[in-house]
$ cat upload.txt   # compact mmCIF, C-alpha atoms
# COMPACT_ATOMS: atom_id res chain seq x y z
CA MET U 1 4.49 13.92 -18.60
CA ALA U 2 1.45 15.02 -16.70
CA THR U 3 1.25 18.36 -15.04
CA ALA U 4 -0.89 18.77 -11.97
CA PHE U 5 -4.41 20.05 -12.05
CA ARG U 6 -4.50 23.75 -11.34
CA THR U 7 -7.25 26.32 -11.09
CA SER U 8 -8.03 28.19 -14.23
CA ASP U 9 -10.89 30.61 -14.25
CA PRO U 10 -13.59 29.29 -14.30
CA GLY U 11 -12.50 25.68 -14.11
CA VAL U 12 -9.35 23.62 -13.92
CA THR U 13 -6.65 22.60 -16.36
CA ALA U 14 -3.95 19.93 -16.60
CA SER U 15 -1.72 18.35 -19.22
CA PHE U 16 -1.22 14.72 -20.13
CA ASP U 17 0.95 12.92 -22.65
CA GLU U 18 -0.50 10.32 -24.99
CA ALA U 19 0.41 7.32 -22.83
CA GLU U 20 -1.25 8.91 -19.82
CA ARG U 21 -4.35 9.80 -21.83
CA ASP U 22 -4.63 6.21 -23.08
CA LEU U 23 -4.16 4.79 -19.61
CA LEU U 24 -6.70 7.07 -17.97
CA THR U 25 -9.24 6.51 -20.75
CA ARG U 26 -8.85 2.74 -20.41
CA LEU U 27 -9.27 2.89 -16.64
CA PHE U 28 -12.35 5.14 -16.78
CA LEU U 29 -14.03 2.96 -19.41
CA ASP U 30 -13.17 -0.33 -17.66
CA VAL U 31 -14.80 0.80 -14.43
CA ALA U 32 -17.79 2.24 -16.33
CA GLU U 33 -18.31 -1.13 -18.02
CA MET U 34 -18.03 -2.87 -14.68
CA LEU U 35 -20.81 -0.70 -13.29
CA GLU U 36 -22.96 -1.09 -16.38
CA GLN U 37 -22.99 -4.87 -16.20
CA GLY U 38 -25.51 -4.73 -13.39
CA LEU U 39 -27.93 -2.50 -15.27
CA PRO U 40 -31.01 -4.18 -16.72
CA ASP U 41 -31.23 -4.50 -20.47
CA ASP U 42 -34.27 -3.39 -22.41
CA ALA U 43 -36.19 -6.46 -21.37
CA ASP U 44 -37.75 -4.66 -18.43
CA PRO U 45 -38.49 -1.05 -19.37
CA LEU U 46 -40.48 -0.46 -16.20
CA VAL U 47 -37.45 -1.24 -14.08
CA SER U 48 -35.35 1.18 -16.10
CA LEU U 49 -38.04 3.84 -15.89
CA VAL U 50 -38.62 3.64 -12.18
CA GLY U 51 -35.01 2.93 -11.26
CA ILE U 52 -35.87 0.28 -8.71
CA THR U 53 -34.49 -3.23 -9.01
CA PRO U 54 -36.87 -5.97 -7.84
CA GLU U 55 -34.06 -7.81 -6.06
CA ALA U 56 -30.80 -6.33 -4.96
CA HIS U 57 -27.81 -8.04 -3.41
CA VAL U 58 -24.34 -6.95 -2.42
CA PRO U 59 -22.24 -7.37 -5.59
CA GLU U 60 -20.05 -10.47 -5.59
CA ASP U 61 -17.06 -8.62 -6.98
CA PRO U 62 -15.51 -6.96 -3.90
CA ALA U 63 -14.37 -3.97 -5.98
CA LEU U 64 -17.92 -3.35 -7.14
CA ALA U 65 -19.17 -3.95 -3.59
CA ARG U 66 -16.92 -1.11 -2.45
CA LEU U 67 -18.47 1.22 -5.02
CA LEU U 68 -21.96 0.12 -3.96
CA PRO U 69 -21.67 -0.66 -0.25
CA PRO U 70 -24.57 -1.46 2.12
CA GLY U 71 -26.49 1.58 3.33
CA THR U 72 -26.91 0.24 6.81
CA THR U 73 -25.79 -2.72 8.89
CA GLY U 74 -27.72 -4.83 11.34
CA ASP U 75 -31.01 -4.58 9.47
CA ASP U 76 -31.08 -6.69 6.33
CA GLU U 77 -34.56 -5.59 5.33
CA LEU U 78 -33.69 -1.91 5.52
CA ALA U 79 -30.39 -2.48 3.74
CA GLY U 80 -32.15 -4.44 1.01
CA GLU U 81 -34.71 -1.69 0.54
CA PHE U 82 -31.97 0.93 0.33
CA ARG U 83 -30.13 -1.08 -2.31
CA ARG U 84 -33.25 -1.73 -4.38
CA PHE U 85 -34.04 1.98 -4.48
CA THR U 86 -30.55 3.43 -4.94
CA GLU U 87 -28.25 0.97 -6.65
CA MET U 88 -29.39 1.54 -10.20
CA GLY U 89 -29.20 5.30 -9.92
CA LEU U 90 -25.73 5.10 -8.38
CA ARG U 91 -24.50 2.78 -11.12
CA GLU U 92 -25.86 5.10 -13.79
CA ARG U 93 -24.48 8.32 -12.31
CA LYS U 94 -21.06 6.80 -11.64
CA SER U 95 -20.88 5.34 -15.12
CA ALA U 96 -21.95 8.64 -16.67
CA ALA U 97 -19.21 10.52 -14.80
CA LEU U 98 -16.58 7.96 -15.84
CA ARG U 99 -17.62 8.13 -19.48
CA ARG U 100 -17.68 11.91 -19.36
CA ALA U 101 -14.14 11.97 -18.00
CA ALA U 102 -13.00 9.54 -20.71
CA ALA U 103 -14.69 11.64 -23.39
CA SER U 104 -12.98 14.83 -22.18
CA LEU U 105 -9.59 13.17 -22.74
CA ALA U 106 -10.51 12.48 -26.32
CA THR U 107 -10.72 16.22 -26.93
CA VAL U 108 -7.12 16.78 -25.83
CA ARG U 109 -5.05 17.55 -28.87
CA PRO U 110 -1.30 17.53 -28.53
CA PRO U 111 0.46 20.38 -30.26
CA GLU U 112 1.95 19.64 -33.67
CA ARG U 113 4.91 17.35 -33.38
CA VAL U 114 8.16 19.06 -34.01
CA ARG U 115 10.32 17.30 -36.55
CA ARG U 116 12.54 15.37 -34.17
CA LYS U 117 12.24 12.15 -32.21
CA ALA U 118 11.17 13.75 -28.99
CA ALA U 119 8.88 12.30 -26.34
CA GLU U 120 5.15 12.62 -26.84
CA LYS U 121 4.02 16.23 -26.62
CA ALA U 122 1.76 16.84 -23.68
CA GLY U 123 -1.75 17.99 -24.56
CA ARG U 124 -3.78 20.34 -22.43
CA LEU U 125 -7.07 19.36 -20.86
CA GLU U 126 -9.45 22.12 -19.82
CA LEU U 127 -12.47 21.41 -17.67
CA ASP U 128 -15.25 23.63 -16.44
CA ARG U 129 -16.39 23.10 -12.86
CA GLU U 130 -19.08 20.63 -13.81
CA ALA U 131 -16.72 18.48 -15.86
CA ALA U 132 -14.18 18.71 -13.04
CA GLY U 133 -16.86 17.41 -10.68
CA ALA U 134 -17.27 14.37 -12.92
CA TRP U 135 -13.48 13.83 -12.91
CA VAL U 136 -13.29 13.94 -9.12
CA THR U 137 -15.82 11.14 -8.63
CA ALA U 138 -14.49 9.19 -11.62
CA LEU U 139 -10.94 9.26 -10.21
CA THR U 140 -12.29 8.21 -6.80
CA ASP U 141 -14.14 5.23 -8.24
CA VAL U 142 -11.11 4.06 -10.25
CA ARG U 143 -8.89 4.40 -7.17
CA LEU U 144 -11.35 2.41 -5.08
CA VAL U 145 -11.35 -0.42 -7.62
CA LEU U 146 -7.55 -0.45 -7.92
CA ALA U 147 -7.16 -0.37 -4.15
CA GLU U 148 -9.40 -3.39 -3.80
CA ARG U 149 -7.44 -5.26 -6.49
CA LEU U 150 -4.21 -4.36 -4.67
CA GLY U 151 -5.61 -5.54 -1.36
CA ILE U 152 -5.48 -2.17 0.40
CA ARG U 153 -7.53 -2.60 3.57
CA THR U 154 -5.86 -0.26 6.05
CA ASP U 155 -3.94 3.01 6.05
CA GLU U 156 -0.79 0.93 6.64
CA ASP U 157 -1.47 -1.13 3.51
CA ALA U 158 -1.74 2.11 1.52
CA GLU U 159 1.63 3.28 2.84
CA GLU U 160 3.30 -0.03 2.04
CA LEU U 161 1.97 0.17 -1.48
CA HIS U 162 3.33 3.64 -1.91
CA ASP U 163 6.78 2.32 -0.94
CA LEU U 164 6.36 -0.50 -3.45
CA ALA U 165 5.51 1.97 -6.20
CA GLU U 166 8.55 4.08 -5.36
CA SER U 167 10.83 1.04 -5.39
CA GLU U 168 10.03 0.39 -9.08
CA ASP U 169 10.60 -3.29 -8.31
CA GLU U 170 10.44 -5.18 -11.59
CA GLU U 171 10.07 -8.54 -9.84
CA ASP U 172 6.81 -7.63 -8.14
CA PRO U 173 3.87 -7.63 -10.55
CA ARG U 174 1.98 -5.33 -8.27
CA ALA U 175 4.62 -2.61 -8.49
CA TRP U 176 3.30 -1.22 -11.77
CA LEU U 177 -0.30 -1.20 -10.56
CA ALA U 178 0.87 0.49 -7.36
CA ALA U 179 2.59 3.15 -9.47
CA VAL U 180 -0.62 3.72 -11.42
CA TYR U 181 -2.51 4.02 -8.15
CA ASP U 182 0.05 6.58 -6.93
CA PHE U 183 -0.33 8.58 -10.13
CA LEU U 184 -4.13 8.66 -9.74
CA THR U 185 -3.78 9.67 -6.09
CA TRP U 186 -1.55 12.57 -7.06
CA LEU U 187 -4.01 13.64 -9.76
CA GLN U 188 -6.90 13.46 -7.32
CA GLU U 189 -5.02 15.52 -4.75
CA THR U 190 -4.21 18.30 -7.20
CA LEU U 191 -7.72 18.30 -8.63
CA VAL U 192 -9.34 18.56 -5.19
CA THR U 193 -6.93 21.37 -4.26
CA ALA U 194 -7.79 23.25 -7.47
CA LEU U 195 -11.53 22.79 -6.89
CA SER U 196 -11.35 23.64 -3.19
CA ALA U 197 -9.78 27.00 -3.92
CA GLY U 198 -13.25 28.32 -4.69
CA LEU U 199 -14.90 26.99 -1.52
CA ARG U 200 -15.14 28.99 1.71
CA MET K 1 -66.53 6.19 5.29
CA ALA K 2 -64.43 3.38 6.70
CA ALA K 3 -63.32 3.41 10.33
CA VAL K 4 -59.89 2.11 11.28
CA PRO K 5 -59.75 0.02 14.48
CA VAL K 6 -57.94 1.68 17.39
CA GLU K 7 -55.17 -0.98 17.52
CA GLU K 8 -54.26 -0.39 13.87
CA ARG K 9 -54.15 3.35 14.33
CA GLN K 10 -51.81 2.95 17.30
CA ALA K 11 -49.51 0.72 15.24
CA ASP K 12 -49.42 3.36 12.50
CA VAL K 13 -48.47 6.03 15.01
CA ASP K 14 -45.71 3.85 16.44
CA GLU K 15 -44.35 3.26 12.97
CA LEU K 16 -44.47 6.96 12.22
CA LEU K 17 -42.57 7.78 15.40
CA GLU K 18 -39.98 5.14 14.51
CA THR K 19 -39.10 6.74 11.21
CA GLU K 20 -39.36 10.30 12.52
CA ARG K 21 -37.06 9.59 15.46
CA PRO K 22 -33.63 11.03 14.87
CA TRP K 23 -31.58 9.03 12.44
CA VAL K 24 -27.97 9.82 11.65
CA THR K 25 -25.59 9.40 8.75
CA ILE K 26 -22.14 8.10 9.67
CA VAL K 27 -19.09 8.39 7.43
CA TRP K 28 -16.44 5.75 8.09
CA ASN K 29 -12.69 6.01 7.61
CA ASP K 30 -11.23 4.19 4.62
CA PRO K 31 -7.64 3.86 3.38
CA VAL K 32 -8.33 5.25 -0.09
CA ASN K 33 -10.05 8.58 0.25
CA LEU K 34 -7.84 11.61 0.75
CA MET K 35 -8.45 13.91 3.69
CA SER K 36 -8.68 16.82 1.29
CA TYR K 37 -11.34 14.98 -0.71
CA VAL K 38 -13.42 14.08 2.32
CA THR K 39 -13.35 17.74 3.40
CA TYR K 40 -14.30 18.80 -0.13
CA VAL K 41 -17.31 16.42 -0.09
CA PHE K 42 -18.56 17.77 3.24
CA GLN K 43 -18.29 21.33 1.93
CA THR K 44 -19.83 20.59 -1.43
CA TYR K 45 -22.73 18.34 -0.47
CA PHE K 46 -23.62 19.51 3.03
CA LYS K 47 -22.50 23.10 2.39
CA TYR K 48 -20.62 23.03 5.71
CA PRO K 49 -18.10 25.82 6.16
CA ARG K 50 -14.48 24.71 5.80
CA SER K 51 -13.88 24.68 9.59
CA LYS K 52 -16.76 22.30 10.26
CA ALA K 53 -15.92 20.12 7.25
CA GLU K 54 -12.30 19.81 8.40
CA LYS K 55 -13.36 19.02 11.97
CA LEU K 56 -15.61 16.19 10.79
CA MET K 57 -12.91 14.91 8.45
CA ARG K 58 -10.39 14.79 11.29
CA GLN K 59 -12.91 12.88 13.39
CA VAL K 60 -13.36 10.33 10.61
CA HIS K 61 -9.60 10.03 10.23
CA HIS K 62 -8.64 9.79 13.91
CA GLU K 63 -11.69 8.13 15.46
CA GLY K 64 -12.66 5.94 12.52
CA ARG K 65 -16.09 7.49 12.03
CA ALA K 66 -18.11 10.68 12.38
CA VAL K 67 -21.80 11.59 12.43
CA VAL K 68 -22.17 14.00 9.54
CA SER K 69 -25.91 14.67 9.57
CA SER K 70 -29.12 13.81 11.41
CA GLY K 71 -32.83 13.88 10.62
CA THR K 72 -35.56 11.58 9.40
CA LEU K 73 -34.89 8.15 7.97
CA GLU K 74 -35.68 9.37 4.49
CA GLU K 75 -33.26 12.28 4.78
CA MET K 76 -30.48 10.03 6.07
CA GLU K 77 -31.05 7.53 3.26
CA ARG K 78 -30.65 10.41 0.81
CA ASP K 79 -27.45 11.62 2.49
CA THR K 80 -26.03 8.08 2.59
CA GLU K 81 -26.79 7.60 -1.08
CA ALA K 82 -25.05 10.89 -1.84
CA MET K 83 -21.98 9.86 0.14
CA HIS K 84 -21.82 6.59 -1.81
CA GLY K 85 -22.03 8.66 -4.99
CA TYR K 86 -18.86 10.45 -3.89
CA GLY K 87 -17.18 7.13 -3.06
CA LEU K 88 -17.24 7.58 0.70
CA TRP K 89 -18.24 4.69 2.92
CA ALA K 90 -21.36 5.77 4.85
CA THR K 91 -24.24 4.15 6.68
CA PHE K 92 -27.44 5.43 8.28
CA THR K 93 -28.63 4.29 11.69
CA HIS K 94 -30.83 5.27 14.61
CA ASP K 95 -29.36 7.96 16.78
CA THR K 96 -28.51 6.15 19.99
CA SER K 97 -26.99 9.10 21.77
CA GLY K 98 -30.12 10.35 23.44

$ encode --input "upload.txt" --output "structure tokens"
Amino acid sequence: MATAFRTSDPGVTASFDEAERDLLTRLFLDVAEMLEQGLPDDADPLVSLVGITPEAHVPEDPALARLLPPGTTGDDELAGEFRRFTEMGLRERKSAALRRAAASLATVRPPERVRRKAAEKAGRLELDREAAGAWVTALTDVRLVLAERLGIRTDEDAEELHDLAESEDEEDPRAWLAAVYDFLTWLQETLVTALSAGLR
Amino acid sequence: MAAVPVEERQADVDELLETERPWVTIVWNDPVNLMSYVTYVFQTYFKYPRSKAEKLMRQVHHEGRAVVSSGTLEEMERDTEAMHGYGLWATFTHDTSG
């Protein structure tokens, strides 16, 4: 079972079992792929080079729209300009952080299994500050997507969902997703605490 | 050497003043981001001391929004983009306070 992120000089460290590593990897990669779908393919190298999309609209998928929200309201032209100039870069940086987080999990090696049918051995993940910075935005983006899928719109919704996760209700299909969301929230909280220890 | 008509020059100056007038970046409350994370972002990106970062975070949380920076349009667009990078919900707008 996971242990919380804690400060380790100079970075942070945590432990995850195999199931948790698989889950987190899947989540990071799913959201990375979601972000990458909007990136232009090689057909227009100039667009890729300059990083400006000729036309930019609010993404139809509400989860993606939350990751790439409008920069301003009340001025469509200004908002459009902001999106054209920033969306591609944001997609690329977010995707890079998500993939980096996923890749770091692949390096976690559980200790040798002892010869008995015990639960998965938890492997240790060690991150330097830069890698931890990628984790903190990657976790945020995954949580934002899950929250949108779960219909969390207000602080009250978030609380209700927490209760649902705690109830472990097998009838409600959202209960498992809510539990995953809770797990990610806990991870995020411990990671931010570990990283904030170094800030004044 | 070409001469620019007076009317065009005046329009250019007006446009310049428009973008140079104080603009602000607003961070909005959302049900996902942790208070600790919002504080961390304000310290990390803006380099605000913990006390100021926490004050702004509490404003976001209790009042629904907070002005986190001010400056030119270009600067506010950059700050807004950075906030989006961190997953915060932010917008830039003209400073209407004065």

$ closest_residue --input "upload.txt" --among "K:Tyr48, K:Ala82, K:Ala53, K:Met1" --to "Met35 of chain K" --atoms "all atoms listed in the file"
K:Ala53

$ interface_residues --input "upload.txt" --of "chain K" --to "chain U" --cutoff "7 Å" --atoms "all atoms listed in the file" --output "PyMOL selection string"
chain K and resi 31-32+36-37+40+49-50+80-81+84-87+90-93

$ closest_residue --input "upload.txt" --among "U:Leu78, U:Ala178, U:Ala131, U:Val108" --to "Glu20 of chain U" --atoms "all atoms listed in the file"
U:Val108

$ atom_distance --input "upload.txt" --atom1 "atom CA of Leu161 of chain U" --atom2 "atom CA of Ala2 of chain U"
21.3 Å

$ residues_near_point --input "upload.txt" --point "(-34.0, 11.3, 6.2)" --cutoff "10 Å" --atoms "all atoms listed in the file" --output "ChimeraX atom specification"
/K:19-25,69-80,92

$ residues_around --input "upload.txt" --residues "Glu63 of chain K" --least-positions-apart "3" --cutoff "12 Å" --atoms "only C-alpha atoms" --output "VMD selection string"
chain K and resid 26 to 30 55 to 60 66 to 67

$ build_atoms --input "upload.txt" --residues "segment 31-57 of chain K" --atoms "N, CA, C and O atoms" --output "mmCIF file, in the coordinates of the input"
data_model
loop_
_atom_site.group_PDB
_atom_site.id
_atom_site.type_symbol
_atom_site.label_atom_id
_atom_site.label_comp_id
_atom_site.auth_asym_id
_atom_site.auth_seq_id
_atom_site.Cartn_x
_atom_site.Cartn_y
_atom_site.Cartn_z
ATOM 1 N N PRO K 31 -9.049 3.594 3.691
ATOM 2 C CA PRO K 31 -7.640 3.860 3.380
ATOM 3 C C PRO K 31 -7.421 4.514 2.015
ATOM 4 O O PRO K 31 -6.290 4.806 1.661
ATOM 5 N N VAL K 32 -8.489 4.731 1.269
ATOM 6 C CA VAL K 32 -8.330 5.250 -0.090
ATOM 7 C C VAL K 32 -8.581 6.755 -0.184
ATOM 8 O O VAL K 32 -7.823 7.476 -0.818
ATOM 9 N N ASN K 33 -9.662 7.196 0.453
ATOM 10 C CA ASN K 33 -10.050 8.580 0.250
ATOM 11 C C ASN K 33 -9.158 9.574 0.968
ATOM 12 O O ASN K 33 -8.856 9.443 2.138
ATOM 13 N N LEU K 34 -8.736 10.591 0.224
ATOM 14 C CA LEU K 34 -7.840 11.610 0.750
ATOM 15 C C LEU K 34 -8.581 12.514 1.714
ATOM 16 O O LEU K 34 -9.767 12.791 1.534
ATOM 17 N N MET K 35 -7.855 13.010 2.704
ATOM 18 C CA MET K 35 -8.450 13.910 3.690
ATOM 19 C C MET K 35 -8.986 15.157 2.994
ATOM 20 O O MET K 35 -10.057 15.669 3.338
ATOM 21 N N SER K 36 -8.240 15.623 2.013
ATOM 22 C CA SER K 36 -8.680 16.820 1.290
ATOM 23 C C SER K 36 -9.986 16.553 0.542
ATOM 24 O O SER K 36 -10.850 17.421 0.438
ATOM 25 N N TYR K 37 -10.128 15.331 0.029
ATOM 26 C CA TYR K 37 -11.340 14.980 -0.710
ATOM 27 C C TYR K 37 -12.539 14.865 0.224
ATOM 28 O O TYR K 37 -13.628 15.349 -0.083
ATOM 29 N N VAL K 38 -12.343 14.221 1.353
ATOM 30 C CA VAL K 38 -13.420 14.080 2.320
ATOM 31 C C VAL K 38 -13.919 15.464 2.761
ATOM 32 O O VAL K 38 -15.125 15.720 2.825
ATOM 33 N N THR K 39 -12.987 16.369 3.032
ATOM 34 C CA THR K 39 -13.350 17.740 3.400
ATOM 35 C C THR K 39 -14.135 18.401 2.276
ATOM 36 O O THR K 39 -15.158 19.044 2.507
ATOM 37 N N TYR K 40 -13.648 18.221 1.046
ATOM 38 C CA TYR K 40 -14.300 18.800 -0.130
ATOM 39 C C TYR K 40 -15.734 18.302 -0.251
ATOM 40 O O TYR K 40 -16.649 19.068 -0.552
ATOM 41 N N VAL K 41 -15.967 16.986 -0.002
ATOM 42 C CA VAL K 41 -17.310 16.420 -0.090
ATOM 43 C C VAL K 41 -18.233 17.043 0.944
ATOM 44 O O VAL K 41 -19.375 17.413 0.653
ATOM 45 N N PHE K 42 -17.739 17.188 2.169
ATOM 46 C CA PHE K 42 -18.560 17.770 3.240
ATOM 47 C C PHE K 42 -18.910 19.231 2.917
ATOM 48 O O PHE K 42 -20.006 19.703 3.224
ATOM 49 N N GLN K 43 -18.001 19.948 2.300
ATOM 50 C CA GLN K 43 -18.290 21.330 1.930
ATOM 51 C C GLN K 43 -19.256 21.398 0.759
ATOM 52 O O GLN K 43 -20.169 22.223 0.737
ATOM 53 N N THR K 44 -19.050 20.534 -0.189
ATOM 54 C CA THR K 44 -19.830 20.590 -1.430
ATOM 55 C C THR K 44 -21.243 20.082 -1.244
ATOM 56 O O THR K 44 -22.195 20.703 -1.706
ATOM 57 N N TYR K 45 -21.396 18.921 -0.598
ATOM 58 C CA TYR K 45 -22.730 18.340 -0.470
ATOM 59 C C TYR K 45 -23.522 18.954 0.681
ATOM 60 O O TYR K 45 -24.670 19.337 0.519
ATOM 61 N N PHE K 46 -22.898 18.994 1.876
ATOM 62 C CA PHE K 46 -23.620 19.510 3.030
ATOM 63 C C PHE K 46 -23.564 21.027 3.132
ATOM 64 O O PHE K 46 -24.265 21.627 3.928
ATOM 65 N N LYS K 47 -22.727 21.644 2.356
ATOM 66 C CA LYS K 47 -22.500 23.100 2.390
ATOM 67 C C LYS K 47 -21.959 23.532 3.765
ATOM 68 O O LYS K 47 -22.189 24.655 4.203
ATOM 69 N N TYR K 48 -21.231 22.633 4.432
ATOM 70 C CA TYR K 48 -20.620 23.030 5.710
ATOM 71 C C TYR K 48 -19.482 23.982 5.429
ATOM 72 O O TYR K 48 -18.786 23.853 4.422
ATOM 73 N N PRO K 49 -19.281 24.977 6.320
ATOM 74 C CA PRO K 49 -18.100 25.820 6.160
ATOM 75 C C PRO K 49 -16.833 24.984 6.330
ATOM 76 O O PRO K 49 -16.882 23.919 6.946
ATOM 77 N N ARG K 50 -15.737 25.465 5.793
ATOM 78 C CA ARG K 50 -14.480 24.710 5.800
ATOM 79 C C ARG K 50 -14.116 24.216 7.198
ATOM 80 O O ARG K 50 -13.696 23.062 7.365
ATOM 81 N N SER K 51 -14.289 25.063 8.229
ATOM 82 C CA SER K 51 -13.880 24.680 9.590
ATOM 83 C C SER K 51 -14.646 23.457 10.073
ATOM 84 O O SER K 51 -14.071 22.521 10.632
ATOM 85 N N LYS K 52 -15.958 23.431 9.818
ATOM 86 C CA LYS K 52 -16.760 22.300 10.260
ATOM 87 C C LYS K 52 -16.423 21.053 9.431
ATOM 88 O O LYS K 52 -16.308 19.943 9.963
ATOM 89 N N ALA K 53 -16.251 21.242 8.133
ATOM 90 C CA ALA K 53 -15.920 20.120 7.250
ATOM 91 C C ALA K 53 -14.596 19.482 7.675
ATOM 92 O O ALA K 53 -14.473 18.257 7.731
ATOM 93 N N GLU K 54 -13.611 20.324 7.995
ATOM 94 C CA GLU K 54 -12.300 19.810 8.400
ATOM 95 C C GLU K 54 -12.382 19.104 9.747
ATOM 96 O O GLU K 54 -11.732 18.075 9.963
ATOM 97 N N LYS K 55 -13.212 19.635 10.650
ATOM 98 C CA LYS K 55 -13.360 19.020 11.970
ATOM 99 C C LYS K 55 -13.949 17.614 11.828
ATOM 100 O O LYS K 55 -13.457 16.657 12.426
ATOM 101 N N LEU K 56 -14.989 17.494 11.007
ATOM 102 C CA LEU K 56 -15.610 16.190 10.790
ATOM 103 C C LEU K 56 -14.631 15.229 10.126
ATOM 104 O O LEU K 56 -14.543 14.052 10.487
ATOM 105 N N MET K 57 -13.882 15.745 9.150
ATOM 106 C CA MET K 57 -12.910 14.910 8.450
ATOM 107 C C MET K 57 -11.866 14.370 9.426
ATOM 108 O O MET K 57 -11.507 13.194 9.396
#
